[in-house]
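Chemist: File coords_9.txt below, compact mmCIF, C-alpha atoms:
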# COMPACT_ATOMS: atom_id res chain seq x y z
CA MET B 118 194.58 -53.16 24.22
CA LYS B 119 195.35 -51.13 27.34
CA LEU B 120 193.67 -53.76 29.52
CA ASN B 121 195.72 -56.57 27.94
CA LEU B 122 198.94 -54.64 28.56
CA PHE B 123 197.85 -53.95 32.12
CA LEU B 124 197.12 -57.63 32.73
CA LEU B 125 200.52 -58.57 31.29
CA TYR B 126 202.15 -56.08 33.62
CA LEU B 127 200.30 -57.54 36.59
CA GLN B 128 201.21 -61.08 35.59
CA GLU B 129 204.91 -60.21 35.51
CA LYS B 130 204.70 -58.26 38.76
CA ALA B 131 202.55 -60.67 40.75
CA GLN B 132 204.39 -62.66 43.38
CA GLY B 133 202.79 -65.02 45.90
CA ASP B 134 203.18 -65.48 49.59
CA ALA B 135 203.25 -68.88 51.21
CA HIS B 136 201.00 -71.21 53.09
CA ASP B 137 201.65 -74.44 54.89
CA ILE B 138 198.37 -76.08 53.87
CA GLU B 139 198.04 -76.93 50.21
CA PHE B 140 195.04 -76.80 47.93
CA GLU B 141 194.41 -80.08 46.21
CA GLY B 142 195.17 -79.66 42.49
CA SER B 143 192.42 -77.47 41.12
CA ARG B 144 192.47 -78.13 37.39
CA VAL B 145 189.98 -80.94 36.92
CA SER B 146 187.49 -82.18 34.36
CA VAL B 147 183.87 -81.48 35.18
CA LYS B 148 180.90 -83.40 33.85
CA ASP B 149 178.37 -81.29 31.97
CA SER B 150 175.68 -82.29 34.46
CA LEU B 151 177.59 -80.87 37.42
CA VAL B 152 177.38 -77.23 36.50
CA GLY B 153 176.37 -75.32 33.39
CA ALA B 154 177.13 -71.82 32.20
CA LEU B 155 174.09 -69.55 32.04
CA GLU B 156 173.40 -68.48 28.49
CA GLY B 157 172.79 -64.86 27.63
CA ASN B 158 174.48 -63.52 30.75
CA LYS B 159 177.72 -61.65 31.14
CA GLY B 160 180.53 -63.70 32.61
CA PRO B 161 181.04 -67.41 33.33
CA TRP B 162 178.30 -67.68 35.93
CA MET B 163 176.98 -71.10 36.83
CA ASP B 164 173.69 -72.65 37.86
CA ASP B 165 172.91 -73.67 41.42
CA ASN B 166 172.29 -77.38 41.94
CA ASN B 167 169.40 -78.25 44.22
CA ASP B 168 169.31 -81.99 43.48
CA LEU B 169 170.71 -83.03 46.87
CA ASN B 170 168.60 -83.58 49.99
CA PRO B 171 169.55 -84.44 53.59
CA CYS B 172 170.01 -88.18 54.05
CA TRP B 173 170.04 -88.20 57.85
CA PRO B 174 166.31 -87.74 58.78
CA THR B 175 165.51 -91.31 57.70
CA LEU B 176 168.58 -92.72 59.45
CA LEU B 177 168.12 -91.20 62.91
CA SER B 178 166.78 -93.61 65.51
CA ASP B 179 163.69 -92.88 67.57
CA GLU B 180 165.19 -94.15 70.80
CA ALA B 181 164.45 -92.08 73.89
CA VAL B 182 167.01 -89.48 74.92
CA SER B 183 168.64 -90.44 78.20
CA SER B 184 170.53 -88.06 80.43
CA LYS B 185 173.29 -88.96 82.88
CA GLY B 186 175.91 -86.35 83.49
CA TYR B 187 176.97 -83.34 81.44
CA VAL B 188 179.20 -82.56 78.47
CA THR B 189 180.53 -78.99 78.27
CA PHE B 190 182.73 -77.30 75.66
CA SER B 191 183.61 -73.94 74.11
CA LEU B 192 183.54 -72.60 70.57
CA THR B 193 186.90 -71.14 69.53
CA ASN B 194 188.90 -69.86 66.55
CA GLY B 195 186.02 -68.74 64.34
CA PRO B 196 182.92 -70.16 62.60
CA GLU B 197 184.85 -72.62 60.45
CA TYR B 198 185.95 -74.33 63.68
CA HIS B 199 182.60 -73.90 65.42
CA ILE B 200 180.88 -76.31 63.02
CA SER B 201 183.34 -79.09 63.79
CA GLN B 202 183.34 -78.34 67.53
CA ILE B 203 179.54 -78.48 67.73
CA THR B 204 179.49 -81.73 65.75
CA ASP B 205 182.07 -83.45 67.95
CA ALA B 206 180.40 -82.35 71.20
CA VAL B 207 176.99 -83.58 70.01
CA MET B 208 178.50 -86.92 68.99
CA VAL B 209 180.14 -87.34 72.40
CA ALA B 210 176.97 -86.42 74.31
CA LYS B 211 174.83 -88.71 72.17
CA HIS B 212 176.99 -91.79 72.53
CA LEU B 213 177.52 -91.22 76.26
CA GLY B 214 173.84 -90.58 76.91
CA ALA B 215 174.77 -87.22 78.48
CA THR B 216 173.23 -83.76 78.53
CA LEU B 217 174.97 -81.15 76.40
CA VAL B 218 175.50 -77.67 77.83
CA LEU B 219 175.40 -74.76 75.38
CA PRO B 220 178.94 -73.50 74.84
CA GLY B 221 180.39 -70.07 75.34
CA ILE B 222 182.35 -68.49 72.50
CA ARG B 223 185.99 -67.57 73.02
CA GLY B 224 187.88 -65.19 70.76
CA SER B 225 191.58 -65.13 70.00
CA LYS B 226 192.42 -62.64 72.76
CA PRO B 227 192.39 -63.35 76.53
CA GLY B 228 189.09 -62.32 78.06
CA ASP B 229 187.37 -62.15 74.66
CA GLU B 230 184.26 -64.17 75.45
CA ARG B 231 180.66 -64.11 74.25
CA ASN B 232 177.49 -66.00 75.00
CA PHE B 233 176.32 -68.56 72.47
CA GLU B 234 173.15 -66.49 71.89
CA ASP B 235 175.20 -63.45 70.86
CA ILE B 236 175.95 -65.15 67.55
CA TYR B 237 173.85 -68.29 67.16
CA ASP B 238 170.20 -69.23 67.60
CA ALA B 239 170.08 -71.25 70.83
CA ASP B 240 166.42 -72.22 70.53
CA LYS B 241 166.97 -73.53 66.99
CA LEU B 242 169.87 -75.71 68.13
CA ILE B 243 167.98 -77.10 71.11
CA LYS B 244 164.90 -77.82 68.98
CA SER B 245 166.88 -79.46 66.17
CA LEU B 246 168.57 -81.87 68.58
CA GLU B 247 165.61 -82.63 70.86
CA ASN B 248 165.17 -86.19 69.56
CA VAL B 249 168.89 -86.90 69.77
CA ILE B 250 170.21 -85.37 72.99
CA LYS B 251 169.05 -83.09 75.77
CA VAL B 252 170.57 -79.59 75.58
CA VAL B 253 170.52 -77.06 78.42
CA LYS B 254 171.62 -73.43 78.36
CA GLN B 255 173.59 -73.53 81.61
CA LEU B 256 175.37 -76.02 83.79
CA PRO B 257 173.38 -76.61 87.02
CA GLU B 258 174.81 -74.78 90.03
CA GLN B 259 175.28 -78.01 91.97
CA VAL B 260 177.80 -79.27 89.41
CA SER B 261 181.25 -78.07 90.43
CA LEU B 262 183.79 -77.23 87.73
CA ARG B 263 186.31 -79.21 89.76
CA ASP B 264 184.28 -82.33 89.06
CA ILE B 265 184.58 -81.97 85.29
CA ALA B 266 187.34 -83.86 83.50
CA ILE B 267 188.88 -82.22 80.42
CA VAL B 268 189.03 -84.62 77.47
CA LYS B 269 190.80 -83.89 74.19
CA VAL B 270 188.86 -85.20 71.21
CA PRO B 271 190.05 -85.45 67.59
CA THR B 272 187.73 -83.78 65.13
CA ARG B 273 185.38 -86.14 63.25
CA VAL B 274 185.30 -88.29 66.37
CA THR B 275 183.69 -91.72 65.94
CA GLU B 276 181.46 -93.84 68.16
CA ASP B 277 184.24 -96.41 68.53
CA TYR B 278 186.70 -93.74 69.70
CA ILE B 279 184.16 -92.42 72.21
CA LYS B 280 183.55 -95.87 73.67
CA GLU B 281 187.22 -96.71 73.95
CA HIS B 282 188.78 -93.42 75.06
CA ILE B 283 186.06 -91.16 76.49
CA GLU B 284 183.41 -93.37 78.08
CA PRO B 285 185.72 -94.73 80.83
CA ILE B 286 186.59 -91.15 81.90
CA PHE B 287 182.94 -90.14 81.80
CA LYS B 288 181.90 -93.10 83.95
CA SER B 289 184.61 -92.23 86.45
CA LYS B 290 184.00 -88.47 86.69
CA GLY B 291 180.34 -88.16 85.70
CA ASN B 292 180.90 -84.93 83.73
CA ILE B 293 183.43 -83.97 81.06
CA ARG B 294 184.62 -80.94 79.13
CA VAL B 295 185.38 -81.66 75.46
CA ALA B 296 188.26 -79.88 73.74
CA THR B 297 188.40 -80.65 70.02
CA TYR B 298 191.78 -80.73 68.32
CA PHE B 299 192.41 -80.85 64.58
CA PRO B 300 194.95 -83.43 63.36
CA SER B 301 193.98 -82.27 59.86
CA VAL B 302 191.84 -79.53 58.32
CA ASN B 303 191.02 -81.80 55.40
CA LEU B 304 187.32 -82.65 55.08
CA ARG B 305 187.62 -85.22 52.31
CA LYS B 306 185.76 -88.47 52.65
CA SER B 307 187.94 -91.51 52.99
CA SER B 308 187.33 -95.22 52.63
CA GLN B 309 188.27 -95.58 56.29
CA ASP B 310 185.41 -93.35 57.43
CA GLY B 311 182.73 -95.93 56.74
CA GLU B 312 179.17 -94.65 56.85
CA THR B 313 178.82 -91.17 58.33
CA ASP B 314 176.86 -91.12 61.57
CA PRO B 315 173.46 -89.43 60.96
CA VAL B 316 173.83 -87.63 64.30
CA SER B 317 177.04 -86.09 62.97
CA CYS B 318 175.25 -84.97 59.80
CA LEU B 319 172.41 -83.39 61.78
CA ALA B 320 174.82 -81.55 64.06
CA MET B 321 177.01 -80.33 61.21
CA PHE B 322 174.31 -79.22 58.77
CA GLY B 323 171.02 -79.00 60.65
CA SER B 324 171.63 -77.39 64.03
CA LEU B 325 173.67 -74.19 63.79
CA GLU B 326 172.03 -70.98 62.56
CA LEU B 327 172.70 -67.31 63.20
CA GLN B 328 170.61 -65.49 65.78
CA PRO B 329 167.88 -63.35 64.13
CA GLU B 330 169.50 -59.92 64.39
CA LEU B 331 172.87 -61.05 63.03
CA ASN B 332 171.17 -63.08 60.31
CA ALA B 333 169.24 -59.96 59.25
CA VAL B 334 172.53 -58.03 58.98
CA VAL B 335 174.02 -60.75 56.75
CA GLU B 336 170.87 -60.79 54.59
CA SER B 337 170.96 -57.01 54.18
CA MET B 338 174.65 -57.13 53.14
CA ILE B 339 173.94 -59.84 50.58
CA GLU B 340 171.02 -57.82 49.22
CA ARG B 341 173.20 -54.73 48.89
CA LEU B 342 175.85 -56.74 47.01
CA ARG B 343 173.15 -58.00 44.66
CA THR B 344 171.91 -54.47 43.96
CA HIS B 345 175.42 -53.62 42.75
CA SER B 346 175.24 -56.57 40.34
CA SER B 347 172.36 -55.62 38.05
CA LYS B 348 174.35 -56.35 34.88
CA SER B 349 175.08 -59.91 36.03
CA GLY B 350 171.57 -60.74 37.19
CA GLY B 351 172.29 -59.89 40.84
CA ARG B 352 175.18 -62.34 41.09
CA PHE B 353 178.36 -61.67 43.03
CA ILE B 354 181.64 -63.36 43.97
CA ALA B 355 182.99 -63.79 47.50
CA VAL B 356 186.78 -64.01 47.79
CA ASP B 357 188.38 -65.18 51.03
CA LEU B 358 191.41 -62.92 50.88
CA ARG B 359 192.87 -61.63 54.15
CA ILE B 360 196.10 -59.71 53.71
CA GLU B 361 197.27 -60.29 57.28
CA ALA B 362 196.96 -64.06 56.81
CA LEU B 363 198.82 -63.93 53.51
CA GLU B 364 201.66 -61.94 55.04
CA LYS B 365 202.26 -64.71 57.57
CA LYS B 366 202.64 -67.32 54.83
CA ASN B 367 204.81 -68.00 51.80
CA CYS B 368 202.70 -69.09 48.84
CA HIS B 369 204.58 -71.77 46.96
CA SER B 370 203.79 -73.95 43.98
CA THR B 371 202.27 -77.38 44.54
CA GLY B 372 203.41 -78.54 41.11
CA VAL B 373 199.82 -79.53 40.23
CA GLY B 374 198.29 -77.73 37.26
CA GLY B 375 199.85 -74.37 38.08
CA SER B 376 198.33 -74.48 41.56
CA LYS B 377 199.81 -72.75 44.62
CA THR B 378 198.98 -72.84 48.30
CA CYS B 379 197.55 -69.32 48.48
CA TYR B 380 197.12 -66.28 46.26
CA ASN B 381 197.43 -62.51 46.61
CA ALA B 382 195.12 -59.80 45.26
CA GLN B 383 197.00 -59.42 41.98
CA GLU B 384 196.85 -63.13 41.24
CA ILE B 385 193.14 -63.36 42.11
CA ALA B 386 192.42 -60.42 39.78
CA LEU B 387 194.28 -62.12 36.92
CA PHE B 388 192.60 -65.46 37.62
CA LEU B 389 189.06 -64.03 37.56
CA ARG B 390 189.70 -61.86 34.50
CA LYS B 391 191.13 -64.78 32.51
CA LEU B 392 188.06 -66.84 33.38
CA GLY B 393 186.00 -64.17 31.68
CA PHE B 394 184.42 -62.32 34.59
CA ALA B 395 183.55 -58.83 33.37
CA GLY B 396 185.05 -55.71 34.87
CA ASP B 397 181.70 -54.72 36.40
CA THR B 398 181.48 -57.97 38.41
CA THR B 399 180.69 -57.38 42.09
CA ILE B 400 183.21 -58.88 44.53
CA TYR B 401 183.01 -59.23 48.31
CA LEU B 402 186.35 -59.52 50.14
CA THR B 403 186.79 -61.04 53.59
CA GLN B 404 189.62 -58.54 54.16
CA PRO B 405 188.66 -56.85 57.50
CA ARG B 406 189.19 -53.24 56.31
CA TRP B 407 190.15 -51.65 53.06
CA ASP B 408 193.78 -50.67 52.68
CA SER B 409 196.11 -50.28 49.70
CA SER B 410 196.95 -54.00 49.46
CA PRO B 411 193.92 -55.10 47.36
CA ASN B 412 193.88 -51.90 45.25
CA ILE B 413 195.08 -53.85 42.23
CA LEU B 414 191.94 -56.02 42.45
CA LYS B 415 189.73 -52.93 42.62
CA ASP B 416 191.51 -51.44 39.59
CA ILE B 417 190.28 -54.35 37.46
CA PHE B 418 186.99 -54.94 39.33
CA PRO B 419 185.86 -51.52 40.63
CA LYS B 420 182.84 -53.05 42.38
CA THR B 421 185.02 -54.73 45.02
CA PHE B 422 183.82 -54.24 48.60
CA THR B 423 184.75 -55.09 52.17
CA LYS B 424 182.32 -55.28 55.08
CA GLU B 425 182.19 -51.59 56.02
CA ALA B 426 181.03 -50.64 52.51
CA VAL B 427 177.97 -52.92 52.44
CA MET B 428 176.93 -53.16 56.10
CA PRO B 429 174.06 -50.91 57.21
CA ALA B 430 175.51 -47.83 58.92
CA SER B 431 173.37 -48.38 62.02
CA LYS B 432 174.99 -51.79 62.62
CA ARG B 433 178.65 -50.91 62.15
CA SER B 434 179.35 -49.80 65.71
CA LYS B 435 178.15 -53.13 67.09
CA TYR B 436 179.53 -55.52 64.52
CA LEU B 437 182.64 -53.78 63.15
CA GLU B 438 183.94 -51.55 65.90
CA SER B 439 184.16 -54.02 68.77
CA GLU B 440 187.57 -55.25 69.91
CA SER B 441 186.59 -58.80 69.00
CA SER B 442 186.72 -60.01 65.40
CA GLU B 443 184.22 -62.81 66.09
CA TYR B 444 181.25 -61.06 64.48
CA GLU B 445 183.29 -60.20 61.40
CA ASN B 446 184.53 -63.77 60.95
CA VAL B 447 181.00 -65.11 61.19
CA ILE B 448 179.69 -62.57 58.68
CA ASP B 449 182.47 -63.52 56.25
CA PHE B 450 181.70 -67.21 56.59
CA TYR B 451 177.98 -66.87 55.95
CA ILE B 452 178.35 -64.45 53.02
CA SER B 453 180.98 -66.73 51.47
CA SER B 454 178.55 -69.63 51.87
CA ARG B 455 175.75 -67.74 50.14
CA SER B 456 177.56 -65.99 47.29
CA ASP B 457 177.03 -67.12 43.71
CA VAL B 458 180.73 -67.91 43.35
CA PHE B 459 183.28 -68.51 46.12
CA VAL B 460 187.01 -68.14 45.52
CA PRO B 461 189.34 -69.19 48.37
CA ALA B 462 192.63 -67.31 48.13
CA ILE B 463 193.82 -69.28 51.16
CA SER B 464 193.43 -73.00 51.80
CA GLY B 465 192.41 -74.33 55.21
CA LEU B 466 189.35 -75.03 57.31
CA PHE B 467 187.51 -71.84 56.27
CA TYR B 468 187.68 -73.08 52.69
CA ALA B 469 186.75 -76.67 53.60
CA ASN B 470 183.74 -75.83 55.79
CA THR B 471 182.53 -73.11 53.43
CA VAL B 472 182.48 -75.73 50.67
CA GLY B 473 180.49 -78.04 52.96
CA LYS B 474 177.95 -75.32 53.69
CA ARG B 475 177.66 -74.53 49.98
CA ILE B 476 177.08 -78.21 49.10
CA ALA B 477 174.25 -78.20 51.63
CA LEU B 478 172.79 -75.06 50.02
CA GLY B 479 173.16 -76.37 46.46
CA LYS B 480 175.86 -73.85 45.51
CA PRO B 481 178.73 -75.79 43.90
CA GLN B 482 180.39 -72.75 42.29
CA VAL B 483 183.70 -72.87 44.19
CA LEU B 484 186.63 -71.88 41.99
CA VAL B 485 190.08 -72.80 43.28
CA PRO B 486 192.67 -70.35 41.88
CA ALA B 487 195.62 -71.33 39.73
CA GLU B 488 198.09 -69.52 37.52
CA ILE B 489 196.66 -69.63 34.00
CA SER B 490 199.28 -69.41 31.28
CA GLU B 491 196.75 -68.97 28.48
CA THR B 492 195.01 -65.66 27.80
CA SER B 493 191.70 -67.21 28.88
CA SER B 494 190.27 -70.41 30.32
CA LEU B 495 186.98 -72.03 31.37
CA ALA B 496 185.69 -71.60 34.91
CA THR B 497 184.61 -75.24 34.93
CA ASP B 498 188.29 -76.27 34.77
CA PHE B 499 188.79 -74.85 38.26
CA ILE B 500 185.85 -76.20 40.24
CA SER B 501 187.02 -77.33 43.68
CA PRO B 502 187.95 -81.05 43.75
CA TYR B 503 185.77 -81.32 46.85
CA ILE B 504 182.85 -80.80 44.45
CA SER B 505 184.04 -82.12 41.10
CA LYS B 506 185.14 -85.40 42.69
CA LYS B 507 182.30 -85.33 45.25
CA ASN B 508 184.77 -86.30 47.96
CA HIS B 509 183.77 -83.72 50.57
CA LEU B 510 182.42 -85.13 53.82
CA ALA B 511 179.14 -83.31 53.08
CA TYR B 512 178.35 -85.75 50.29
CA SER B 513 178.00 -88.43 52.98
CA CYS B 514 175.13 -86.40 54.45
CA PHE B 515 173.29 -85.37 51.26
CA CYS B 516 171.97 -87.68 48.61
Would you mind writing the structure in this file as structure tokens?
Modeler:
Amino acid sequence: MKLNLFLLYLQEKAQGDAHDIEFEGSRVSVKDSLVGALEGNKGPWMDDNNDLNPCWPTLLSDEAVSSKGYVTFSLTNGPEYHISQITDAVMVAKHLGATLVLPGIRGSKPGDERNFEDIYDADKLIKSLENVIKVVKQLPEQVSLRDIAIVKVPTRVTEDYIKEHIEPIFKSKGNIRVATYFPSVNLRKSSQDGETDPVSCLAMFGSLELQPELNAVVESMIERLRTHSSKSGGRFIAVDLRIEALEKKNCHSTGVGGSKTCYNAQEIALFLRKLGFAGDTTIYLTQPRWDSSPNILKDIFPKTFTKEAVMPASKRSKYLESESSEYENVIDFYISSRSDVFVPAISGLFYANTVGKRIALGKPQVLVPAEISETSSLATDFISPYISKKNHLAYSCFC
């Protein structure tokens, strides 16, 4: 009775903040074959789906890799952008017959730069692309930066666009620097896309992995979250909820099934509780550090953690106490991709590329929040449309 009164109080008190990118309406019908509730377990947990396999290995050509000139680029703005930036650069290098130079990684602050190998596995990327393009770790000394033309490239760049807009510049200058821009953060398939290039699929889903030390840190954090989840079979939820991002936005209603553009901690707590997740459910928050803002979530779900609570103490100085947030963003992305359930409190490219990664891993349990007027509802009513409608770009790469 006390809990019901508390939830009613929260529901009346909860107010959203805004966002300029909208979720697609989240309340959808889901076929029984898509995802099934696990019987005999506490909470509305769902099965993984490992029926999909990569389509691209059989579609890649065996033509020899040529090399004439260089394509350089940087990774910026966090891991959700890195995937698209890698994919576009590989596409450009492939269709120009150029050599790709491993990128540096730039943070949000001036001078915040890292080597590719600080975060990602360079040897894995080079090996995965060896039959597609040549990749080198550094630009040869004889190539002057003054001889490199900067070319802006729209994300999801196509072979036709490369031939028409980029190839003439490449032939003139011999070397180019690719800067990806994002006309949209939407990763839905469209009828205009045609068949997805297998090189794009390989680059997006088969080339980028964490370097061994950082991967071990992520694995240890996931294992610690699972040890907190003994009553739910080791399962946990990852919630992308960053208070600073919410404060910059105004969450407003989309008018679709009670859906809004983003959700605060109170609303996420109500959403999960009404779906039937038990109070002892383990939750991982992408919030950088704990403060009072998500306390209301922890009141209902006491096993709610941020990074510093589940990261090994010996690793915190390196990965949490640096001036750059790059490590933290990457950790959030990979834990959100691996959790049993992912709940995006904020729409955008983090949400879209996390869904893509989860499709590749056979983890379709992405629940898009909405305001639920009833006292309870089914989790399957809130599966991301990217998955329920199978309209994410990833479904072009897995079959």
Chemist: Which residues come within 9 Å of Arg390 of chain B, counting all atoms listed in the file, excluding same-chain residues fewer than 3 positions away, as an MDAnalysis selection string?
Modeler: chainID B and resid 124 385:387 393:396 417:418 493
Chemist: Scan for residues within 10 Å of the point (172.6, -74.2, 66.5) in the coordinates of the file, using all atoms listed in the file, and reply as a PyMOL selection string.
Modeler: chain B and resi 200+203+219+233-234+236-246+320-328
Chemist: At a cut-off of 8 Å, using all atoms listed in the file, what residues contact segment 339-354 of chain B? Leave out same-chain residues fewer than 5 positions from it and give the result as a PyMOL selection string.
Modeler: chain B and resi 158-160+397-401+420+427+452+456-460
Chemist: If you measure from atom CA of Cys516 of chain B to atom CA of Pro171 of chain B, what distance in Å do you get, rounded to one decimal?
Modeler: 6.4 Å
Chemist: Restricting the calculation to all atoms listed in the file, which member of B:Asn170, B:Asn332, B:Thr193, B:Thr313 is positioned closest to Ala296 of chain B?
Modeler: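 Of all the options, B:Thr193 lies closest to Ala296 of chain B.
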Chemist: Using all atoms listed in the file, find each residue in segment 169-244 of chain B having at least one atom no more than 12 Å away from segment 262-279 of chain B; report its shortest atom-to-atom pair and that distance in Å (one decimal), rows by chain then rising number, as JSON lines.
Modeler:
{"residue": "B:Gly186", "atom": "CA", "partner": "B:Ile265", "partner_atom": "CA", "distance": 9.9}
{"residue": "B:Tyr187", "atom": "CA", "partner": "B:Ile265", "partner_atom": "CA", "distance": 8.6}
{"residue": "B:Val188", "atom": "CA", "partner": "B:Ile265", "partner_atom": "CA", "distance": 8.7}
{"residue": "B:Thr189", "atom": "CA", "partner": "B:Ile265", "partner_atom": "CA", "distance": 8.6}
{"residue": "B:Phe190", "atom": "CA", "partner": "B:Ile267", "partner_atom": "CA", "distance": 9.2}
{"residue": "B:Ser191", "atom": "CA", "partner": "B:Ile267", "partner_atom": "CA", "distance": 11.7}
{"residue": "B:Tyr198", "atom": "CA", "partner": "B:Thr272", "partner_atom": "CA", "distance": 9.7}
{"residue": "B:His199", "atom": "CA", "partner": "B:Thr272", "partner_atom": "CA", "distance": 11.1}
{"residue": "B:Ile200", "atom": "CA", "partner": "B:Thr272", "partner_atom": "CA", "distance": 10.4}
{"residue": "B:Ser201", "atom": "CA", "partner": "B:Thr272", "partner_atom": "CA", "distance": 6.6}
{"residue": "B:Gln202", "atom": "CA", "partner": "B:Thr272", "partner_atom": "CA", "distance": 7.4}
{"residue": "B:Ile203", "atom": "CA", "partner": "B:Thr272", "partner_atom": "CA", "distance": 10.1}
{"residue": "B:Thr204", "atom": "CA", "partner": "B:Arg273", "partner_atom": "CA", "distance": 7.8}
{"residue": "B:Asp205", "atom": "CA", "partner": "B:Val274", "partner_atom": "CA", "distance": 6.0}
{"residue": "B:Ala206", "atom": "CA", "partner": "B:Val270", "partner_atom": "CA", "distance": 8.9}
{"residue": "B:Val207", "atom": "CA", "partner": "B:Val274", "partner_atom": "CA", "distance": 10.2}
{"residue": "B:Met208", "atom": "CA", "partner": "B:Val274", "partner_atom": "CA", "distance": 7.4}
{"residue": "B:Val209", "atom": "CA", "partner": "B:Ile279", "partner_atom": "CA", "distance": 6.5}
{"residue": "B:Ala210", "atom": "CA", "partner": "B:Ile279", "partner_atom": "CA", "distance": 9.6}
{"residue": "B:Lys211", "atom": "CA", "partner": "B:Glu276", "partner_atom": "CA", "distance": 9.3}
{"residue": "B:His212", "atom": "CA", "partner": "B:Glu276", "partner_atom": "CA", "distance": 6.6}
{"residue": "B:Leu213", "atom": "CA", "partner": "B:Ile279", "partner_atom": "CA", "distance": 7.9}
{"residue": "B:Gly214", "atom": "CA", "partner": "B:Ile279", "partner_atom": "CA", "distance": 11.5}
Chemist: Report as a VMD selection string all protein, DNA and RNA residues lying within 9 Å of Leu478 of chain B, evaluated on all atoms listed in the file, omitting residues in the same chain fewer than 4 positions from it.
Modeler: chain B and resid 165 to 167 169 454 to 455 473 to 474
Chemist: Work out where the centre of an axis-aligned box around every listed atom of segment 350-366 of chain B lies and how long its edges are once 3 Å is added on each side; give both in Å to one decimal as AutoDock Vina command-line options.
Modeler:
--center_x 187.1 --center_y -63.5 --center_z 47.4 --size_x 37.1 --size_y 13.6 --size_z 26.4
Chemist: Provide the atom CA of Phe388 of chain B to atom CA of Phe422 of chain B distance in Å, to one decimal place.
Modeler: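 Value for the atom CA of Phe388 of chain B-atom CA of Phe422 of chain B distance: 18.0 Å.
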Chemist: Between atom CA of Tyr444 of chain B and atom CA of Gly221 of chain B, what is the distance in Å, rounded to a tenth?
Modeler: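 Between atom CA of Tyr444 of chain B and atom CA of Gly221 of chain B the gap works out to 14.1 Å.
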Chemist: Nearest to Ser453 of chain B: which of B:Ile286, B:Val249, B:Ala469, B:Leu495 is it, counting all atoms listed in the file?
Modeler: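 Of all the options, B:Ala469 lies closest to Ser453 of chain B.
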Chemist: Name the residues in contact with Ser225 of chain B at a cut-off of 9 Å, using all atoms listed in the file, excluding same-chain residues fewer than 5 positions from it; report them as a list in words.
Modeler: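 Here the answer would be Thr193, Asn194, Gly195, Ser441, Ser442 and Glu443 of chain B.
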Chemist: Let me make sure I understand: among B:Arg294, B:Lys226, B:Arg475, B:Lys424, which one has the smallest atom-to-atom distance to Ala511 of chain B if we use all atoms listed in the file?
Modeler: B:Arg475
Chemist: Using the incomplete input, complete segment 434-446 of chain B to the level of N, CA and C atoms; output as a PDB file, keeping the file's coordinate frame.
Modeler:
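rebuild-v2.pdb was written with the following content:
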ATOM      1  N   SER B 434     178.742 -49.971  64.388  1.00  0.00           N
ATOM      2  CA  SER B 434     179.350 -49.800  65.710  1.00  0.00           C
ATOM      3  C   SER B 434     179.324 -51.096  66.500  1.00  0.00           C
ATOM      4  N   LYS B 435     178.272 -51.875  66.339  1.00  0.00           N
ATOM      5  CA  LYS B 435     178.150 -53.130  67.090  1.00  0.00           C
ATOM      6  C   LYS B 435     178.983 -54.243  66.478  1.00  0.00           C
ATOM      7  N   TYR B 436     178.947 -54.351  65.160  1.00  0.00           N
ATOM      8  CA  TYR B 436     179.530 -55.520  64.520  1.00  0.00           C
ATOM      9  C   TYR B 436     180.921 -55.297  63.930  1.00  0.00           C
ATOM     10  N   LEU B 437     181.328 -54.044  63.745  1.00  0.00           N
ATOM     11  CA  LEU B 437     182.640 -53.780  63.150  1.00  0.00           C
ATOM     12  C   LEU B 437     183.606 -53.056  64.066  1.00  0.00           C
ATOM     13  N   GLU B 438     183.084 -52.391  65.080  1.00  0.00           N
ATOM     14  CA  GLU B 438     183.940 -51.550  65.900  1.00  0.00           C
ATOM     15  C   GLU B 438     184.228 -52.129  67.278  1.00  0.00           C
ATOM     16  N   SER B 439     183.842 -53.372  67.501  1.00  0.00           N
ATOM     17  CA  SER B 439     184.160 -54.020  68.770  1.00  0.00           C
ATOM     18  C   SER B 439     185.602 -54.526  68.715  1.00  0.00           C
ATOM     19  N   GLU B 440     186.192 -54.761  69.871  1.00  0.00           N
ATOM     20  CA  GLU B 440     187.570 -55.250  69.910  1.00  0.00           C
ATOM     21  C   GLU B 440     187.683 -56.677  69.404  1.00  0.00           C
ATOM     22  N   SER B 441     186.592 -57.411  69.466  1.00  0.00           N
ATOM     23  CA  SER B 441     186.590 -58.800  69.000  1.00  0.00           C
ATOM     24  C   SER B 441     186.343 -58.854  67.500  1.00  0.00           C
ATOM     25  N   SER B 442     186.960 -59.805  66.829  1.00  0.00           N
ATOM     26  CA  SER B 442     186.720 -60.010  65.400  1.00  0.00           C
ATOM     27  C   SER B 442     185.714 -61.135  65.148  1.00  0.00           C
ATOM     28  N   GLU B 443     185.098 -61.650  66.217  1.00  0.00           N
ATOM     29  CA  GLU B 443     184.220 -62.810  66.090  1.00  0.00           C
ATOM     30  C   GLU B 443     183.041 -62.545  65.171  1.00  0.00           C
ATOM     31  N   TYR B 444     182.389 -61.394  65.350  1.00  0.00           N
ATOM     32  CA  TYR B 444     181.250 -61.060  64.480  1.00  0.00           C
ATOM     33  C   TYR B 444     181.688 -60.999  63.021  1.00  0.00           C
ATOM     34  N   GLU B 445     182.825 -60.361  62.767  1.00  0.00           N
ATOM     35  CA  GLU B 445     183.290 -60.200  61.400  1.00  0.00           C
ATOM     36  C   GLU B 445     183.592 -61.542  60.745  1.00  0.00           C
ATOM     37  N   ASN B 446     184.217 -62.437  61.486  1.00  0.00           N
ATOM     38  CA  ASN B 446     184.530 -63.770  60.950  1.00  0.00           C
ATOM     39  C   ASN B 446     183.268 -64.528  60.588  1.00  0.00           C
TER      40      ASN B 446
END
